[in-house]
Amino acid sequence: MCVKRKGIIIAGYSGTGKTTLAKKYKNVIDLDASEYVYDETDLLNIDIERRKGEYRKPNPNWPGNYIEAIKKSLYKYDIVLVWDREDIIEEYIKNKFNFMVCYPSKNDLDNYVRRYKNRGNSDKYIKMKLNQYDNRIKLYDELKLEKVILNNNETIEDWLLKNNYLVKNENYNGDRMEEKIKLKLRELVDDKRYNHSIMVADEARRLAKNYNLDEEVAYLTGLCHDIAKNFTFEENEKWIDKYNLNKELLNDEYKKMIHADIGALVAKEWFDFSDEMCSAIKYHTICHSVMTDFEKIIFIADKTGRDNLSDEMIEIKELSYKNLDKAIIKFLINEEKYLKSKGLELHQEAKTFISNYKYNK
């Protein structure tokens with residue numbers, strides 16, 4: 001099969017499948033413009049999809065920062081997926097970018113409403129997208145842009161494969177694994193724990209991207225971190241016997257931590273997680289003295305991937321994107337103060353992590 005030219009730019013309408021496409025193909029990047037156009041510091045405690053449609057402070061470096069990111073990406077990726085808003089379209093033209101616009105046919109908009117709802121977009125955002133559709137297409141016509149029009153619930157990946165811009169990735173199983181874990185979570189945990197798992201997975205993915213680690217692996221690990229949270233005493237006992245773990249884990253003092261040890265075993269046996277993924281699950285409650293950056297991401301995502309964070313936790317969340325160690329230390333020191341007020345002690349591994357950090361500063 002002859003695959004067409006590389007280094008193409010596609011301005012994709014919301015819901016066309018840009019994020020999924022970039023997850024599946026290493027030669028594709030989705031440049032989410034929200035990271036460039038807005039200063040989202042005040043919204044870090046809100047899920048990314050839920051932020052859309054809400055007021056967000058403008059980034060003074062926009063749009064130059066986004067244009068530069070596109071230029072750099074063209075050297076690294078075969079396909080660069082970008083924003084399709086009117087003002088940035090004009091910037092693409094000014095910079096003489098060779099690009100296509102991709103959007104659904106009007107008859108397919110009902111399918112897009114379902115997509116928006118399924119991924120957690122607000123009613124305000126959905127209404128906005130529907131209201132701007134006609135004007136957006138009119139602009140494309142006036143500018144005589146090259147168009148990709150999707151029909152019958154088609155995604156951008158479907159179109160690219162059909163038109164020989166991509167060779168299908170037969171080895172990708174991320175979505176299948178994600179769905180497998182989600183189905184299992186639905187069986188094992190309540191709605192509150194399920195929603196928390198999704199938020200931790202999303203936060204882990206964002207942190208992984210920030211630190212140039214595998215975003216998909218971080219997402220799946222975050223998704224699975226609490227899979228054993230609601231196991232009964234008898235279920236925990238079976239796993240402990242099966243893997244010959246210390247039976248002290250069944251004592252009341254480990255009641256809030258045992259799910260991490262068991263969860264790591266579950267992730268390995270059921271989903272064939274790597275050793276590092278399992279280790280990140282095992283230590284997401286107490287951390288340990290020498291953690292990898294990946295383990296640190298899962299640990300801090302569990303604490304910050306939540307709704308309604310306190311001001312102090314928002315500070316820790318912001319700090320986690322600048323320095324993982326400092327964010328974890330700040331959290332552990334606060335936790336130690338809280339535990340002492342209850343007559344309890346911070347776990348020794350966490351104390352050692354703090355000591356190691358102070359020693360190595």
# chains A, B, ... in the order shown; residues from 1 in each chain; ligands from 1

$ closest_atom_pairs --of "region 87-173 of chain A" --to "region 66-77 of chain A" --cutoff "10 Å" --atoms "only C-alpha atoms" --output "tab-separated table"
residue	atom	partner	partner_atom	distance
A:Ile88	CA	A:Ile67	CA	8.8
A:Glu91	CA	A:Ile67	CA	7.8
A:Tyr92	CA	A:Ile67	CA	7.7
A:Asn95	CA	A:Ile67	CA	8.2
A:Phe97	CA	A:Lys71	CA	9.1

$ write_last_selection --atoms "N, CA, C and O atoms" --output "compact mmCIF listing (two decimals), in the first residue's frame"
# COMPACT_ATOMS: atom_id res chain seq x y z
N ILE A 88 -7.59 31.12 14.97
CA ILE A 88 -6.35 30.38 14.75
C ILE A 88 -6.25 29.88 13.31
O ILE A 88 -5.14 29.73 12.77
N GLU A 91 -4.42 32.38 11.54
CA GLU A 91 -2.98 32.31 11.82
C GLU A 91 -2.31 31.22 10.98
O GLU A 91 -1.17 31.40 10.53
N TYR A 92 -3.01 30.11 10.76
CA TYR A 92 -2.45 29.06 9.90
C TYR A 92 -2.20 29.60 8.50
O TYR A 92 -1.16 29.32 7.88
N ASN A 95 0.75 31.96 8.35
CA ASN A 95 2.01 31.24 8.44
C ASN A 95 2.22 30.26 7.28
O ASN A 95 3.17 29.49 7.28
N PHE A 97 0.69 27.61 6.38
CA PHE A 97 0.60 26.18 6.67
C PHE A 97 -0.26 25.51 5.59
O PHE A 97 -1.29 26.04 5.17

$ residues_around --residues "region 222-227 of chain A" --least-positions-apart "3" --cutoff "9 Å" --atoms "only C-alpha atoms" --output "short mmCIF file (atom, residue, chain, number, x, y, z; two decimals) with N, CA, C and O atoms, in the first residue's frame"
data_model
loop_
_atom_site.label_atom_id
_atom_site.label_comp_id
_atom_site.auth_asym_id
_atom_site.auth_seq_id
_atom_site.Cartn_x
_atom_site.Cartn_y
_atom_site.Cartn_z
N GLU A 178 -8.55 -0.59 28.13
CA GLU A 178 -9.27 0.43 28.90
C GLU A 178 -10.70 -0.03 29.18
O GLU A 178 -11.18 0.06 30.32
N ILE A 181 -10.83 -2.92 31.71
CA ILE A 181 -10.64 -2.47 33.10
C ILE A 181 -11.89 -1.75 33.60
O ILE A 181 -12.34 -1.97 34.73
N LYS A 182 -12.46 -0.90 32.76
CA LYS A 182 -13.66 -0.16 33.16
C LYS A 182 -14.82 -1.10 33.47
O LYS A 182 -15.56 -0.89 34.44
N LYS A 184 -14.58 -4.15 34.52
CA LYS A 184 -14.26 -4.82 35.79
C LYS A 184 -14.49 -3.88 36.96
O LYS A 184 -15.00 -4.29 38.02
N LEU A 185 -14.10 -2.61 36.80
CA LEU A 185 -14.33 -1.63 37.86
C LEU A 185 -15.82 -1.50 38.17
O LEU A 185 -16.22 -1.38 39.33
N LEU A 188 -16.85 -4.12 40.48
CA LEU A 188 -16.19 -4.23 41.79
C LEU A 188 -16.31 -3.02 42.70
O LEU A 188 -16.18 -3.16 43.92
N VAL A 189 -16.52 -1.83 42.14
CA VAL A 189 -16.54 -0.63 42.99
C VAL A 189 -17.82 0.16 42.80
O VAL A 189 -18.53 -0.01 41.80
N ARG A 193 -16.24 5.56 43.69
CA ARG A 193 -14.90 5.03 43.48
C ARG A 193 -14.58 4.93 41.99
O ARG A 193 -13.45 5.18 41.56
N TYR A 194 -15.57 4.58 41.19
CA TYR A 194 -15.38 4.49 39.73
C TYR A 194 -15.02 5.87 39.16
O TYR A 194 -14.06 6.01 38.39
N HIS A 196 -13.77 8.40 40.76
CA HIS A 196 -12.44 8.76 41.26
C HIS A 196 -11.36 8.10 40.40
O HIS A 196 -10.36 8.74 40.04
N SER A 197 -11.56 6.84 40.05
CA SER A 197 -10.57 6.12 39.23
C SER A 197 -10.38 6.77 37.87
O SER A 197 -9.26 6.88 37.37
N ILE A 198 -11.49 7.23 37.27
CA ILE A 198 -11.41 7.91 35.97
C ILE A 198 -10.63 9.22 36.12
O ILE A 198 -9.77 9.55 35.28
N MET A 199 -10.89 9.96 37.18
CA MET A 199 -10.20 11.24 37.38
C MET A 199 -8.71 11.04 37.64
O MET A 199 -7.88 11.81 37.15
N VAL A 200 -8.37 10.02 38.41
CA VAL A 200 -6.95 9.73 38.67
C VAL A 200 -6.26 9.33 37.37
O VAL A 200 -5.13 9.76 37.10
N ALA A 201 -6.93 8.52 36.57
CA ALA A 201 -6.36 8.11 35.28
C ALA A 201 -6.12 9.31 34.38
O ALA A 201 -5.07 9.43 33.75
N ASP A 202 -7.08 10.22 34.32
CA ASP A 202 -6.93 11.44 33.51
C ASP A 202 -5.77 12.29 34.01
O ASP A 202 -4.97 12.81 33.22
N GLU A 203 -5.68 12.43 35.32
CA GLU A 203 -4.60 13.24 35.90
C GLU A 203 -3.24 12.58 35.67
O GLU A 203 -2.25 13.25 35.36
N ALA A 204 -3.19 11.25 35.80
CA ALA A 204 -1.94 10.53 35.55
C ALA A 204 -1.49 10.71 34.11
O ALA A 204 -0.30 10.89 33.83
N ARG A 205 -2.44 10.69 33.19
CA ARG A 205 -2.10 10.90 31.78
C ARG A 205 -1.53 12.30 31.55
O ARG A 205 -0.53 12.47 30.84
N VAL A 217 0.09 4.20 29.33
CA VAL A 217 0.44 3.34 30.46
C VAL A 217 0.04 4.01 31.78
O VAL A 217 -0.49 3.37 32.69
N ALA A 218 0.29 5.32 31.87
CA ALA A 218 -0.08 6.06 33.07
C ALA A 218 -1.60 6.05 33.25
O ALA A 218 -2.11 5.88 34.37
N TYR A 219 -2.34 6.23 32.15
CA TYR A 219 -3.80 6.24 32.23
C TYR A 219 -4.33 4.90 32.73
O TYR A 219 -5.17 4.84 33.64
N ASN A 230 -12.77 -2.27 47.24
CA ASN A 230 -13.99 -2.76 47.89
C ASN A 230 -13.97 -4.27 48.13
O ASN A 230 -15.01 -4.88 48.38
N PHE A 231 -12.80 -4.90 48.05
CA PHE A 231 -12.72 -6.33 48.33
C PHE A 231 -13.08 -6.60 49.79
O PHE A 231 -12.74 -5.81 50.68
N HIS A 259 -5.69 -2.63 49.98
CA HIS A 259 -6.18 -2.66 48.60
C HIS A 259 -5.07 -2.37 47.59
O HIS A 259 -5.14 -2.81 46.44
N ALA A 260 -4.02 -1.64 48.03
CA ALA A 260 -2.91 -1.33 47.12
C ALA A 260 -2.08 -2.57 46.86
O ALA A 260 -1.72 -2.88 45.72
N ILE A 262 -3.04 -5.76 47.23
CA ILE A 262 -3.86 -6.72 46.50
C ILE A 262 -4.10 -6.24 45.07
O ILE A 262 -4.06 -7.01 44.11
N GLY A 263 -4.32 -4.93 44.92
CA GLY A 263 -4.57 -4.36 43.59
C GLY A 263 -3.43 -4.59 42.63
O GLY A 263 -3.64 -4.83 41.43
N ALA A 264 -2.20 -4.53 43.14
CA ALA A 264 -1.03 -4.78 42.30
C ALA A 264 -1.04 -6.22 41.77
O ALA A 264 -0.71 -6.49 40.61
N VAL A 266 -3.76 -8.12 41.44
CA VAL A 266 -4.90 -8.21 40.52
C VAL A 266 -4.51 -7.68 39.14
O VAL A 266 -4.81 -8.30 38.11
N ALA A 267 -3.84 -6.53 39.12
CA ALA A 267 -3.44 -5.91 37.85
C ALA A 267 -2.51 -6.81 37.05
O ALA A 267 -2.60 -6.90 35.82
N CYS A 278 2.59 -2.26 38.29
CA CYS A 278 2.13 -2.91 39.53
C CYS A 278 2.75 -2.27 40.76
O CYS A 278 2.08 -2.11 41.79
N ALA A 280 3.66 0.84 41.03
CA ALA A 280 3.00 2.13 41.21
C ALA A 280 1.66 1.96 41.93
O ALA A 280 1.27 2.79 42.77
N ILE A 281 0.95 0.89 41.61
CA ILE A 281 -0.32 0.61 42.29
C ILE A 281 -0.06 0.23 43.75
O ILE A 281 -0.73 0.72 44.67
N LYS A 282 0.93 -0.62 43.96
CA LYS A 282 1.24 -1.09 45.32
C LYS A 282 1.58 0.05 46.26
O LYS A 282 1.19 0.03 47.44
N HIS A 284 0.81 3.40 45.89
CA HIS A 284 0.10 4.66 45.68
C HIS A 284 -0.49 5.23 46.96
O HIS A 284 -0.89 6.40 47.01
N ILE A 298 1.69 8.34 39.70
CA ILE A 298 0.49 7.64 40.16
C ILE A 298 0.18 8.02 41.60
O ILE A 298 -0.99 8.22 41.97
N ALA A 301 -1.17 11.67 41.54
CA ALA A 301 -2.44 11.74 40.82
C ALA A 301 -3.60 11.23 41.67
O ALA A 301 -4.72 11.73 41.59
N ASP A 302 -3.32 10.23 42.51
CA ASP A 302 -4.34 9.71 43.42
C ASP A 302 -4.80 10.78 44.40
O ASP A 302 -5.95 10.79 44.83
#

$ closest_residue --among "A:Ala228, A:Lys127, A:Ile93, A:Ile329" --to "Asp190 (chain A)" --atoms "only C-alpha atoms"
A:Ala228

$ residues_around --residues "Tyr254 (chain A)" --least-positions-apart "4" --cutoff "12 Å" --atoms "only C-alpha atoms" --output "short mmCIF file (atom, residue, chain, number, x, y, z; two decimals) with N, CA, C and O atoms, in the first residue's frame"
data_model
loop_
_atom_site.label_atom_id
_atom_site.label_comp_id
_atom_site.auth_asym_id
_atom_site.auth_seq_id
_atom_site.Cartn_x
_atom_site.Cartn_y
_atom_site.Cartn_z
N PHE A 233 -12.99 -8.88 53.39
CA PHE A 233 -11.92 -9.51 54.17
C PHE A 233 -11.59 -10.88 53.58
O PHE A 233 -10.41 -11.24 53.42
N ASN A 236 -9.70 -10.57 50.24
CA ASN A 236 -8.30 -10.21 50.50
C ASN A 236 -7.50 -11.42 51.02
O ASN A 236 -6.36 -11.64 50.62
N ASN A 246 2.23 -11.52 53.68
CA ASN A 246 2.18 -11.44 55.15
C ASN A 246 0.73 -11.26 55.60
O ASN A 246 0.06 -10.30 55.20
N LYS A 247 0.26 -12.15 56.46
CA LYS A 247 -1.13 -12.09 56.92
C LYS A 247 -1.41 -10.87 57.80
O LYS A 247 -2.57 -10.55 58.06
N GLU A 248 -0.36 -10.19 58.23
CA GLU A 248 -0.56 -8.96 59.01
C GLU A 248 -1.30 -7.89 58.20
O GLU A 248 -1.90 -6.98 58.77
N LEU A 249 -1.25 -8.03 56.89
CA LEU A 249 -1.97 -7.09 56.04
C LEU A 249 -3.47 -7.09 56.31
O LEU A 249 -4.18 -6.13 56.00
N LEU A 250 -3.96 -8.18 56.92
CA LEU A 250 -5.39 -8.29 57.22
C LEU A 250 -5.76 -7.57 58.52
O LEU A 250 -6.95 -7.43 58.83
N ILE A 258 -4.39 -2.10 52.37
CA ILE A 258 -4.30 -3.46 51.81
C ILE A 258 -4.75 -3.51 50.35
O ILE A 258 -4.24 -4.30 49.55
N HIS A 259 -5.69 -2.63 49.98
CA HIS A 259 -6.18 -2.66 48.60
C HIS A 259 -5.07 -2.37 47.59
O HIS A 259 -5.14 -2.81 46.44
N ALA A 260 -4.02 -1.64 48.03
CA ALA A 260 -2.91 -1.33 47.12
C ALA A 260 -2.08 -2.57 46.86
O ALA A 260 -1.72 -2.88 45.72
N ASP A 261 -1.76 -3.33 47.91
CA ASP A 261 -0.99 -4.57 47.74
C ASP A 261 -1.76 -5.59 46.91
O ASP A 261 -1.21 -6.21 46.00
N ILE A 262 -3.04 -5.76 47.23
CA ILE A 262 -3.86 -6.72 46.50
C ILE A 262 -4.10 -6.24 45.07
O ILE A 262 -4.06 -7.01 44.11
N THR A 285 -0.56 4.43 48.03
CA THR A 285 -1.12 4.95 49.29
C THR A 285 -0.04 5.50 50.22
O THR A 285 -0.22 6.54 50.84
N ILE A 286 1.09 4.81 50.30
CA ILE A 286 2.11 5.19 51.30
C ILE A 286 3.41 5.67 50.68
O ILE A 286 4.28 6.18 51.38
N HIS A 347 3.70 6.52 57.74
CA HIS A 347 4.38 5.26 57.44
C HIS A 347 5.88 5.49 57.31
O HIS A 347 6.33 6.52 56.80
#

$ closest_residue --among "A:Glu349, A:Asp307, A:Asp84, A:Glu235" --to "Ser289 (chain A)" --atoms "only C-alpha atoms"
A:Glu349

$ closest_residue --among "A:Lys180, A:Lys147, A:Arg206, A:Lys129" --to "Met100 (chain A)" --atoms "only C-alpha atoms"
A:Lys147

$ select_by_dssp --residues "region 204-306 of chain A" --states "helix (DSSP H, G or I)" --output "PyMOL selection string"
chain A and resi 204-210+215-224+233-242+247-250+252-254+258-271+275-282+293-304

$ atom_distance --atom1 "CA of Lys18 (chain A)" --atom2 "CA of Glu35 (chain A)"
15.2 Å

$ closest_residue --among "A:Arg114, A:Lys138, A:Arg176, A:Lys144" --to "Leu220 (chain A)" --atoms "only C-alpha atoms"
A:Arg176
